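Text of the file work.cif, holding mmCIF, C-alpha atoms and all ligand atoms:
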```cif
data_data
#
loop_
_atom_site.label_atom_id
_atom_site.label_comp_id
_atom_site.auth_asym_id
_atom_site.auth_seq_id
_atom_site.Cartn_x
_atom_site.Cartn_y
_atom_site.Cartn_z
CA MET A 1 -10.88 -15.25 15.44
CA PRO A 2 -9.16 -15.74 12.04
CA PRO A 3 -5.62 -14.46 11.47
CA LEU A 4 -5.39 -11.21 9.56
CA ALA A 5 -3.21 -10.47 6.51
CA VAL A 6 -2.82 -6.69 6.14
CA PHE A 7 -1.69 -5.53 2.71
CA ASP A 8 -0.10 -2.32 1.60
CA LEU A 9 -1.67 -1.10 -1.66
CA ASP A 10 0.69 0.79 -4.04
CA GLY A 11 3.49 -1.51 -5.15
CA THR A 12 2.11 -4.48 -3.20
CA LEU A 13 -1.45 -5.30 -4.27
CA VAL A 14 -1.55 -3.09 -7.35
CA ASP A 15 0.78 -1.57 -9.90
CA SER A 16 -0.64 1.92 -9.51
CA ALA A 17 2.42 3.76 -10.83
CA PRO A 18 0.93 4.22 -14.35
CA ASP A 19 -2.06 6.24 -13.09
CA ILE A 20 -0.02 8.14 -10.48
CA HIS A 21 2.49 8.90 -13.23
CA ALA A 22 -0.22 10.03 -15.66
CA ALA A 23 -1.84 12.29 -13.05
CA LEU A 24 1.54 13.82 -12.11
CA ASP A 25 2.27 14.45 -15.79
CA ARG A 26 -1.14 16.15 -16.20
CA LEU A 27 -0.27 18.32 -13.18
CA MET A 28 3.10 19.14 -14.75
CA ALA A 29 1.40 19.99 -18.05
CA ARG A 30 -0.93 22.42 -16.23
CA LEU A 31 2.17 24.00 -14.69
CA ASP A 32 4.10 24.09 -17.99
CA ARG A 33 6.65 21.58 -16.78
CA PRO A 34 7.97 18.45 -18.55
CA PRO A 35 6.70 14.95 -17.73
CA PHE A 36 8.48 12.35 -15.58
CA ALA A 37 10.04 8.96 -16.30
CA ARG A 38 8.33 6.01 -14.58
CA GLN A 39 11.33 5.31 -12.34
CA GLU A 40 11.30 8.88 -11.02
CA VAL A 41 7.63 8.49 -10.10
CA VAL A 42 8.12 5.07 -8.48
CA ARG A 43 10.76 6.55 -6.19
CA MET A 44 8.34 9.29 -5.07
CA ILE A 45 5.59 6.85 -3.97
CA GLY A 46 5.21 5.58 -0.43
CA ASP A 47 4.77 8.53 1.93
CA GLY A 48 1.29 9.64 0.95
CA VAL A 49 -0.08 12.11 -1.56
CA ARG A 50 1.15 15.34 0.05
CA VAL A 51 4.76 14.15 0.07
CA LEU A 52 4.35 12.76 -3.46
CA VAL A 53 3.23 16.16 -4.79
CA GLU A 54 5.91 17.93 -2.74
CA ARG A 55 8.57 15.72 -4.33
CA ALA A 56 7.20 16.14 -7.83
CA LEU A 57 7.02 19.92 -7.55
CA ALA A 58 10.49 20.10 -6.02
CA ALA A 59 11.88 17.92 -8.84
CA ARG A 60 10.68 20.58 -11.27
CA GLY A 61 11.92 23.51 -9.20
CA LEU A 62 8.46 24.50 -7.98
CA PRO A 63 7.41 25.37 -4.42
CA PHE A 64 4.70 23.27 -2.74
CA SER A 65 1.18 24.62 -3.12
CA GLU A 66 -2.11 23.45 -1.64
CA ALA A 67 -3.79 24.19 -4.98
CA ALA A 68 -1.45 21.80 -6.80
CA LEU A 69 -2.10 19.14 -4.15
CA ALA A 70 -5.89 19.59 -4.38
CA GLY A 71 -5.81 19.55 -8.18
CA PHE A 72 -3.68 16.43 -8.30
CA THR A 73 -5.79 14.63 -5.69
CA ALA A 74 -9.13 15.33 -7.41
CA ASP A 75 -7.78 14.35 -10.83
CA TYR A 76 -6.08 11.18 -9.57
CA THR A 77 -9.06 10.05 -7.50
CA ALA A 78 -11.35 10.31 -10.53
CA ARG A 79 -8.96 8.33 -12.75
CA ALA A 80 -7.19 5.99 -10.30
CA ALA A 81 -8.27 2.74 -12.00
CA GLU A 82 -7.63 3.59 -15.67
CA ALA A 83 -4.23 1.92 -16.11
CA THR A 84 -3.82 0.33 -12.66
CA ALA A 85 -4.16 -3.42 -12.16
CA PRO A 86 -3.36 -5.96 -9.48
CA PHE A 87 0.14 -7.40 -9.87
CA PRO A 88 0.06 -10.77 -11.66
CA GLY A 89 -0.73 -13.50 -9.14
CA ILE A 90 -2.32 -11.17 -6.56
CA PRO A 91 -5.96 -12.19 -7.20
CA GLU A 92 -4.99 -15.85 -6.95
CA ALA A 93 -2.93 -15.25 -3.79
CA LEU A 94 -5.86 -13.43 -2.12
CA THR A 95 -8.18 -16.28 -3.03
CA ALA A 96 -5.73 -18.86 -1.66
CA LEU A 97 -5.23 -16.92 1.59
CA ALA A 98 -8.98 -16.53 2.12
CA ALA A 99 -9.42 -20.26 1.49
CA ALA A 100 -6.70 -20.96 4.06
CA GLY A 101 -8.65 -18.98 6.65
CA TRP A 102 -6.98 -15.57 6.51
CA ARG A 103 -9.04 -12.43 6.85
CA LEU A 104 -7.69 -9.65 4.58
CA ALA A 105 -7.27 -5.88 5.10
CA VAL A 106 -5.57 -2.92 3.40
CA CYS A 107 -3.30 -0.37 5.14
CA THR A 108 -2.17 2.26 2.64
CA ASN A 109 -0.81 5.79 2.76
CA LYS A 110 -3.01 6.61 -0.25
CA PRO A 111 -5.98 8.79 0.82
CA VAL A 112 -9.03 6.66 1.57
CA ALA A 113 -11.23 8.26 -1.13
CA ALA A 114 -8.76 7.37 -3.88
CA THR A 115 -8.17 3.95 -2.30
CA LEU A 116 -11.89 3.11 -2.33
CA ALA A 117 -12.29 4.45 -5.88
CA LEU A 118 -9.39 2.29 -7.02
CA LEU A 119 -10.44 -0.90 -5.23
CA ARG A 120 -14.04 -0.46 -6.44
CA GLY A 121 -12.81 0.20 -9.97
CA LEU A 122 -10.86 -3.05 -9.86
CA GLY A 123 -13.78 -4.91 -8.32
CA ILE A 124 -11.78 -6.14 -5.32
CA GLU A 125 -13.02 -3.87 -2.50
CA GLY A 126 -15.26 -6.64 -1.13
CA ARG A 127 -12.30 -8.89 -0.38
CA PHE A 128 -11.15 -6.71 2.52
CA ALA A 129 -12.56 -6.63 6.04
CA ALA A 130 -11.14 -3.12 6.58
CA ILE A 131 -9.40 -0.44 4.55
CA GLY A 132 -7.17 2.04 6.40
CA GLY A 133 -6.15 4.94 4.18
CA GLY A 134 -3.49 7.59 4.67
CA ASP A 135 -6.11 9.97 6.12
CA SER A 136 -8.27 7.42 7.97
CA PHE A 137 -6.42 7.94 11.27
CA PRO A 138 -4.50 10.83 12.85
CA VAL A 139 -1.24 9.07 11.87
CA ARG A 140 -0.03 7.08 8.89
CA LYS A 141 2.77 4.59 8.14
CA PRO A 142 5.54 4.42 9.37
CA ASP A 143 3.58 5.23 12.54
CA PRO A 144 2.33 1.89 13.93
CA GLY A 145 -0.93 3.57 14.91
CA HIS A 146 -2.04 3.35 11.28
CA LEU A 147 -1.59 -0.42 11.24
CA LEU A 148 -3.07 -0.83 14.73
CA GLY A 149 -6.14 1.20 13.73
CA THR A 150 -6.60 -0.89 10.59
CA LEU A 151 -6.19 -4.10 12.61
CA ALA A 152 -8.83 -2.99 15.09
CA ALA A 153 -11.22 -2.00 12.29
CA ALA A 154 -10.83 -5.47 10.79
CA GLY A 155 -11.49 -7.16 14.12
CA GLY A 156 -7.89 -8.35 14.42
CA THR A 157 -5.12 -8.04 16.97
CA PRO A 158 -1.36 -7.47 16.54
CA GLY A 159 -0.60 -10.94 17.92
CA ARG A 160 -2.62 -12.57 15.15
CA ALA A 161 -1.67 -10.53 12.10
CA VAL A 162 0.92 -10.27 9.33
CA MET A 163 1.76 -7.15 7.29
CA ILE A 164 2.75 -7.42 3.61
CA GLY A 165 4.38 -4.34 2.06
CA ASP A 166 6.99 -3.05 -0.37
CA HIS A 167 8.38 0.00 1.48
CA ARG A 168 10.46 0.69 4.57
CA ASN A 169 7.37 2.44 5.97
CA ASP A 170 5.51 -0.88 5.93
CA VAL A 171 8.35 -2.71 7.70
CA ALA A 172 8.65 0.08 10.28
CA ALA A 173 4.91 0.28 10.98
CA ALA A 174 4.78 -3.50 11.42
CA ALA A 175 7.81 -3.52 13.72
CA GLY A 176 6.30 -0.75 15.84
CA ALA A 177 3.02 -2.64 16.10
CA GLY A 178 4.70 -5.94 16.96
CA VAL A 179 3.46 -7.54 13.73
CA PRO A 180 5.72 -9.67 11.48
CA CYS A 181 6.20 -8.26 7.99
CA ILE A 182 6.66 -9.99 4.65
CA PHE A 183 8.48 -7.69 2.24
CA ALA A 184 6.94 -7.60 -1.26
CA GLY A 185 9.99 -8.04 -3.45
CA TRP A 186 7.98 -7.37 -6.64
CA GLY A 187 7.06 -3.83 -5.58
CA TYR A 188 8.51 -0.32 -5.73
CA GLY A 189 10.96 -0.63 -2.85
CA THR A 190 14.63 -1.49 -2.89
CA PRO A 191 16.06 -4.67 -1.30
CA ALA A 192 17.56 -2.52 1.47
CA MET A 193 14.04 -1.54 2.56
CA ALA A 194 13.39 -5.17 3.55
CA GLU A 195 15.69 -4.84 6.57
CA GLY A 196 13.75 -5.89 9.64
CA ALA A 197 11.15 -7.90 7.72
CA ALA A 198 10.58 -11.54 8.70
CA ALA A 199 10.97 -12.63 5.06
CA THR A 200 10.92 -11.38 1.49
CA ALA A 201 8.46 -12.85 -1.02
CA ALA A 202 9.82 -12.63 -4.57
CA ALA A 203 6.37 -12.86 -6.17
CA PRO A 204 2.72 -12.88 -5.05
CA ALA A 205 2.57 -16.62 -5.73
CA ALA A 206 4.98 -17.10 -2.80
CA LEU A 207 2.63 -15.40 -0.31
CA PRO A 208 0.45 -18.35 0.75
CA ALA A 209 3.50 -20.40 1.73
CA ALA A 210 5.25 -17.42 3.34
CA LEU A 211 2.20 -16.59 5.45
CA ALA A 212 1.65 -20.24 6.34
CA GLY A 213 5.26 -20.30 7.55
CA LEU A 214 4.60 -17.34 9.88
CA ARG A 215 1.30 -18.64 11.11
CA GLY A 216 2.83 -20.95 13.67
CA ARG A 217 4.48 -17.90 15.27
CA LEU A 218 1.24 -15.98 15.63
CA GLY A 219 -0.13 -15.93 19.17
CA ASP A 220 -2.74 -18.58 19.79
CA ILE A 221 -3.77 -19.30 16.23
CA GLY A 222 -4.74 -22.89 15.61
CA GLY A 223 -4.04 -24.84 12.44
O1 LIG B 1 0.31 6.82 -1.31
C1 LIG B 1 1.48 6.46 -1.19
O2 LIG B 1 2.45 7.23 -1.23
C2 LIG B 1 1.83 5.00 -0.99
O3 LIG B 1 0.79 4.17 -0.79
P1 LIG B 1 1.06 2.70 -0.16
O4 LIG B 1 1.14 2.94 1.31
O5 LIG B 1 -0.19 1.95 -0.61
O6 LIG B 1 2.30 2.13 -0.77
MG MG B 2 3.64 0.48 -1.14
#
```

Is it possible to give me this structure as structure tokens?
Ligand SMILES: O=C(O)COP(=O)(O)O
Ligand SMILES: [Mg+2]
Amino acid sequence: MPPLAVFDLDGTLVDSAPDIHAALDRLMARLDRPPFARQEVVRMIGDGVRVLVERALAARGLPFSEAALAGFTADYTARAAEATAPFPGIPEALTALAAAGWRLAVCTNKPVAATLALLRGLGIEGRFAAIGGGDSFPVRKPDPGHLLGTLAAAGGTPGRAVMIGDHRNDVAAAAGAGVPCIFAGWGYGTPAMAEGAAATAAAPAALPAALAGLRGRLGDIGG
């Protein structure tokens, strides 16, 4: 069975902040509120769409509403791949990992419909053996059940997997599942969020070597 590299999506595989930002600003425009700065939006990402919309509404003095959440989700899902692209070096890193024998999967708190729309829009959906979205399982990151469910769907096991993510939720889910985590230093997180990770990769180009370095620690994986 090949080892499995499980990737977070927002801030790890793709720079999705521009489309999340644009959709939040369209929501704010519908609610007669001013737009956000990119850094404000980046700080709101990582706990799924409900929490994202809660934070955005709260930042503008508005109470949470299911209608705002539904409106944001439909709009974002339809336009998730307009300004979003893989981080530089990600396509090459995925190709190198696959060539080195890694199977690839995605474990993201983004709802699965928007995740599939985005990955299809970018033409990279076919690279992943499984895609676990924020609503694919009863729990989501930081609950390890989200990672364990994604692992199982990809035909992997915790003893033969590595998680790569940019948020404390990724590190926590990996720790709970008994999976080593590489912190994506190019993403939306802060350096403090890397606490508990096995290593930090400064750029996607560092991933093949970082994962190769962990491979010897993974269960019964051969060369
Ligand atoms: O949807 C989010 O808030 C974050 O998504 P991620 O888990 O891919 O970083
Ligand atoms: Mg992320």

Write out as a VMD selection string which residues come within 7 Å of A:Ala197 when counting all atoms listed in the file, dropping same-chain ones fewer than 6 positions away.
chain A and resid 171 180 to 183

Please identify every polymer residue within 9 Å of ligand MG 2 (chain B), using all atoms listed in the file, and present the set as a ChimeraX atom specification.
/A:7-14,45-47,108-109,165-170,184,187-189

Within 10 Å of A:Glu82, counting all atoms listed in the file, which residues show up once you throw out same-chain ones fewer than 6 positions away? Write them as number ranges by chain, please.
A: 16, 18-19, 22, 76, 118, 121-122

Using C-alpha atoms, can you write the selected residues to a file as a tab-separated table (two decimals), in the frame of the given file?
```
chain	number	residue	atom	x	y	z
A	16	SER	CA	-0.64	1.92	-9.51
A	18	PRO	CA	0.93	4.22	-14.35
A	19	ASP	CA	-2.06	6.24	-13.09
A	22	ALA	CA	-0.22	10.03	-15.66
A	76	TYR	CA	-6.08	11.18	-9.57
A	118	LEU	CA	-9.39	2.29	-7.02
A	121	GLY	CA	-12.81	0.20	-9.97
A	122	LEU	CA	-10.86	-3.05	-9.86
```

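Taking atom CA of A:Ala93 and atom CA of A:Leu207 as endpoints, the distance between them is 6.6 Å.
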
Leaving out A:Val6 and any residue of its chain fewer than 2 positions from it, which residues lie within 10 Å of it when counting all atoms listed in the file, given as a ChimeraX atom specification?
/A:3-4,8-9,102-108,128-132,147,150-151,154,156,161-165,174,179,181

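Surrounding stretch 33-42 of chain A within 7 Å are Ala17, His21, Asp25, Met28, Ala29, Arg60 and Tyr188 of chain A, with only C-alpha atoms counted and residues fewer than 4 positions along the same chain left out.
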
Any chance you can output those residues with C-alpha atoms as a CSV table (one decimal), in the coordinates of the input?
```
chain,number,residue,atom,x,y,z
A,17,ALA,CA,2.4,3.8,-10.8
A,21,HIS,CA,2.5,8.9,-13.2
A,25,ASP,CA,2.3,14.4,-15.8
A,28,MET,CA,3.1,19.1,-14.8
A,29,ALA,CA,1.4,20.0,-18.0
A,60,ARG,CA,10.7,20.6,-11.3
A,188,TYR,CA,8.5,-0.3,-5.7
```

Per-axis box centre and lengths in Å around ligand LIG 1 (chain B), 8 Å margin per side, axis-aligned, as AutoDock Vina command-line options:
```
--center_x 1.1 --center_y 4.6 --center_z 0.0 --size_x 18.6 --size_y 21.3 --size_z 18.6
```

Point-to-point distance in Å for atom CA of A:Ala199 and atom O3 of ligand LIG 1 (chain B)
20.5 Å

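Between A:Gly61 and the candidates A:Leu31, A:Ala177, A:Ala202, A:Ala85, the tightest atom-to-atom separation, counting all atoms listed in the file, involves A:Leu31.
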
Within 10 Å of A:Ala78, counting all atoms listed in the file, which residues show up once you throw out same-chain ones fewer than 5 positions away? Write them as a VMD selection string, please.
chain A and resid 73 113 to 114 117 to 118

Name the closest residue to ligand LIG 1 (chain B) among the candidates A:Gly134, A:Pro88, A:Gly213, A:Pro204; distances are taken between atoms, counting all atoms listed in the file.
A:Gly134

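Coordinates place atom CA of A:Lys110 at a distance of 5.6 Å from atom O2 of ligand LIG 1 (chain B).
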
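Using all atoms listed in the file for every distance, the candidate list A:Arg140, A:Arg160, A:Arg217, A:Arg30 yields A:Arg140 as the residue closest to ligand LIG 1 (chain B).
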
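Counting only C-alpha atoms, the residue from A:Phe137, A:Phe64, A:Phe87, A:Trp186 that sits nearest to A:Arg50 is A:Phe64.
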
Student task, stretch 36-148 of chain A output with C-alpha atoms as a PDB file, in the first residue's frame:
```pdb
ATOM      1  CA  PHE A  36     -12.595  43.878   3.920  1.00  0.00           C
ATOM      2  CA  ALA A  37      -8.811  44.054   3.591  1.00  0.00           C
ATOM      3  CA  ARG A  38      -7.146  40.808   2.475  1.00  0.00           C
ATOM      4  CA  GLN A  39      -5.394  40.309   5.820  1.00  0.00           C
ATOM      5  CA  GLU A  40      -8.708  40.493   7.694  1.00  0.00           C
ATOM      6  CA  VAL A  41     -10.111  37.776   5.432  1.00  0.00           C
ATOM      7  CA  VAL A  42      -7.024  35.561   5.724  1.00  0.00           C
ATOM      8  CA  ARG A  43      -7.373  35.596   9.504  1.00  0.00           C
ATOM      9  CA  MET A  44     -11.009  34.434   9.235  1.00  0.00           C
ATOM     10  CA  ILE A  45     -10.199  31.331   7.131  1.00  0.00           C
ATOM     11  CA  GLY A  46      -9.599  27.897   8.602  1.00  0.00           C
ATOM     12  CA  ASP A  47     -12.654  26.839  10.614  1.00  0.00           C
ATOM     13  CA  GLY A  48     -15.109  26.246   7.795  1.00  0.00           C
ATOM     14  CA  VAL A  49     -17.662  28.393   6.021  1.00  0.00           C
ATOM     15  CA  ARG A  50     -20.131  28.859   8.892  1.00  0.00           C
ATOM     16  CA  VAL A  51     -17.447  30.261  11.195  1.00  0.00           C
ATOM     17  CA  LEU A  52     -16.049  32.359   8.331  1.00  0.00           C
ATOM     18  CA  VAL A  53     -19.433  34.023   7.746  1.00  0.00           C
ATOM     19  CA  GLU A  54     -20.002  34.376  11.496  1.00  0.00           C
ATOM     20  CA  ARG A  55     -16.677  36.200  11.822  1.00  0.00           C
ATOM     21  CA  ALA A  56     -17.315  38.421   8.817  1.00  0.00           C
ATOM     22  CA  LEU A  57     -20.781  39.428  10.013  1.00  0.00           C
ATOM     23  CA  ALA A  58     -19.522  40.029  13.546  1.00  0.00           C
ATOM     24  CA  ALA A  59     -16.682  42.202  12.193  1.00  0.00           C
ATOM     25  CA  ARG A  60     -19.338  44.443  10.656  1.00  0.00           C
ATOM     26  CA  GLY A  61     -21.584  44.454  13.717  1.00  0.00           C
ATOM     27  CA  LEU A  62     -24.144  42.081  12.213  1.00  0.00           C
ATOM     28  CA  PRO A  63     -25.748  39.041  13.854  1.00  0.00           C
ATOM     29  CA  PHE A  64     -25.277  35.618  12.236  1.00  0.00           C
ATOM     30  CA  SER A  65     -28.031  34.603   9.836  1.00  0.00           C
ATOM     31  CA  GLU A  66     -28.632  31.366   7.948  1.00  0.00           C
ATOM     32  CA  ALA A  67     -29.702  33.417   4.920  1.00  0.00           C
ATOM     33  CA  ALA A  68     -26.347  35.203   4.815  1.00  0.00           C
ATOM     34  CA  LEU A  69     -24.551  31.855   5.123  1.00  0.00           C
ATOM     35  CA  ALA A  70     -26.632  30.283   2.337  1.00  0.00           C
ATOM     36  CA  GLY A  71     -26.178  33.312   0.087  1.00  0.00           C
ATOM     37  CA  PHE A  72     -22.437  33.399   0.626  1.00  0.00           C
ATOM     38  CA  THR A  73     -22.058  29.649   0.096  1.00  0.00           C
ATOM     39  CA  ALA A  74     -24.013  29.565  -3.185  1.00  0.00           C
ATOM     40  CA  ASP A  75     -22.185  32.607  -4.561  1.00  0.00           C
ATOM     41  CA  TYR A  76     -18.739  31.370  -3.511  1.00  0.00           C
ATOM     42  CA  THR A  77     -19.291  27.828  -4.802  1.00  0.00           C
ATOM     43  CA  ALA A  78     -20.250  29.167  -8.235  1.00  0.00           C
ATOM     44  CA  ARG A  79     -17.195  31.434  -8.427  1.00  0.00           C
ATOM     45  CA  ALA A  80     -14.565  29.576  -6.358  1.00  0.00           C
ATOM     46  CA  ALA A  81     -11.994  29.253  -9.174  1.00  0.00           C
ATOM     47  CA  GLU A  82     -12.094  32.765 -10.663  1.00  0.00           C
ATOM     48  CA  ALA A  83      -9.027  34.250  -8.936  1.00  0.00           C
ATOM     49  CA  THR A  84      -7.785  31.185  -7.035  1.00  0.00           C
ATOM     50  CA  ALA A  85      -4.668  29.310  -8.127  1.00  0.00           C
ATOM     51  CA  PRO A  86      -2.322  26.711  -6.700  1.00  0.00           C
ATOM     52  CA  PHE A  87       0.576  28.296  -4.799  1.00  0.00           C
ATOM     53  CA  PRO A  88       3.708  28.492  -6.970  1.00  0.00           C
ATOM     54  CA  GLY A  89       5.513  25.162  -6.858  1.00  0.00           C
ATOM     55  CA  ILE A  90       2.473  23.122  -5.759  1.00  0.00           C
ATOM     56  CA  PRO A  91       1.794  21.435  -9.133  1.00  0.00           C
ATOM     57  CA  GLU A  92       5.458  20.457  -9.386  1.00  0.00           C
ATOM     58  CA  ALA A  93       5.530  19.217  -5.779  1.00  0.00           C
ATOM     59  CA  LEU A  94       2.424  17.046  -6.366  1.00  0.00           C
ATOM     60  CA  THR A  95       3.998  15.604  -9.494  1.00  0.00           C
ATOM     61  CA  ALA A  96       7.251  14.860  -7.647  1.00  0.00           C
ATOM     62  CA  LEU A  97       5.430  13.225  -4.726  1.00  0.00           C
ATOM     63  CA  ALA A  98       3.343  11.039  -7.044  1.00  0.00           C
ATOM     64  CA  ALA A  99       6.506  10.025  -8.895  1.00  0.00           C
ATOM     65  CA  ALA A 100       8.098   9.123  -5.549  1.00  0.00           C
ATOM     66  CA  GLY A 101       5.199   6.778  -4.814  1.00  0.00           C
ATOM     67  CA  TRP A 102       2.944   8.911  -2.629  1.00  0.00           C
ATOM     68  CA  ARG A 103      -0.803   8.700  -2.980  1.00  0.00           C
ATOM     69  CA  LEU A 104      -2.430  12.143  -2.508  1.00  0.00           C
ATOM     70  CA  ALA A 105      -5.628  13.254  -0.734  1.00  0.00           C
ATOM     71  CA  VAL A 106      -7.320  16.485   0.395  1.00  0.00           C
ATOM     72  CA  CYS A 107      -8.728  17.134   3.892  1.00  0.00           C
ATOM     73  CA  THR A 108     -10.296  20.595   4.022  1.00  0.00           C
ATOM     74  CA  ASN A 109     -12.827  22.418   6.168  1.00  0.00           C
ATOM     75  CA  LYS A 110     -14.247  23.966   2.978  1.00  0.00           C
ATOM     76  CA  PRO A 111     -17.626  22.381   2.109  1.00  0.00           C
ATOM     77  CA  VAL A 112     -17.186  19.503  -0.332  1.00  0.00           C
ATOM     78  CA  ALA A 113     -19.327  21.077  -3.093  1.00  0.00           C
ATOM     79  CA  ALA A 114     -17.144  24.191  -3.206  1.00  0.00           C
ATOM     80  CA  THR A 115     -14.008  22.052  -2.863  1.00  0.00           C
ATOM     81  CA  LEU A 116     -14.941  19.915  -5.878  1.00  0.00           C
ATOM     82  CA  ALA A 117     -15.952  22.974  -7.906  1.00  0.00           C
ATOM     83  CA  LEU A 118     -12.611  24.594  -7.126  1.00  0.00           C
ATOM     84  CA  LEU A 119     -10.435  21.538  -7.788  1.00  0.00           C
ATOM     85  CA  ARG A 120     -12.325  20.830 -11.037  1.00  0.00           C
ATOM     86  CA  GLY A 121     -12.002  24.467 -12.064  1.00  0.00           C
ATOM     87  CA  LEU A 122      -8.253  24.239 -11.554  1.00  0.00           C
ATOM     88  CA  GLY A 123      -8.075  20.898 -13.340  1.00  0.00           C
ATOM     89  CA  ILE A 124      -6.384  19.115 -10.429  1.00  0.00           C
ATOM     90  CA  GLU A 125      -9.248  17.050  -8.946  1.00  0.00           C
ATOM     91  CA  GLY A 126      -7.939  13.872 -10.613  1.00  0.00           C
ATOM     92  CA  ARG A 127      -4.679  13.995  -8.671  1.00  0.00           C
ATOM     93  CA  PHE A 128      -6.387  13.039  -5.398  1.00  0.00           C
ATOM     94  CA  ALA A 129      -7.452   9.576  -4.285  1.00  0.00           C
ATOM     95  CA  ALA A 130      -9.976  11.080  -1.843  1.00  0.00           C
ATOM     96  CA  ILE A 131     -11.362  14.495  -0.969  1.00  0.00           C
ATOM     97  CA  GLY A 132     -12.735  15.024   2.548  1.00  0.00           C
ATOM     98  CA  GLY A 133     -14.627  18.300   2.847  1.00  0.00           C
ATOM     99  CA  GLY A 134     -15.828  20.177   5.904  1.00  0.00           C
ATOM    100  CA  ASP A 135     -19.263  18.539   5.579  1.00  0.00           C
ATOM    101  CA  SER A 136     -18.163  15.095   4.335  1.00  0.00           C
ATOM    102  CA  PHE A 137     -18.130  13.605   7.842  1.00  0.00           C
ATOM    103  CA  PRO A 138     -19.979  14.329  11.100  1.00  0.00           C
ATOM    104  CA  VAL A 139     -16.853  16.145  12.365  1.00  0.00           C
ATOM    105  CA  ARG A 140     -14.238  18.413  10.849  1.00  0.00           C
ATOM    106  CA  LYS A 141     -10.686  19.557  11.689  1.00  0.00           C
ATOM    107  CA  PRO A 142      -9.411  19.925  14.418  1.00  0.00           C
ATOM    108  CA  ASP A 143     -11.337  16.706  15.142  1.00  0.00           C
ATOM    109  CA  PRO A 144      -9.081  13.827  14.043  1.00  0.00           C
ATOM    110  CA  GLY A 145     -12.148  11.981  12.749  1.00  0.00           C
ATOM    111  CA  HIS A 146     -12.082  14.214   9.668  1.00  0.00           C
ATOM    112  CA  LEU A 147      -8.530  13.163   8.827  1.00  0.00           C
ATOM    113  CA  LEU A 148      -9.194   9.515   9.722  1.00  0.00           C
TER     114      LEU A 148
END
```
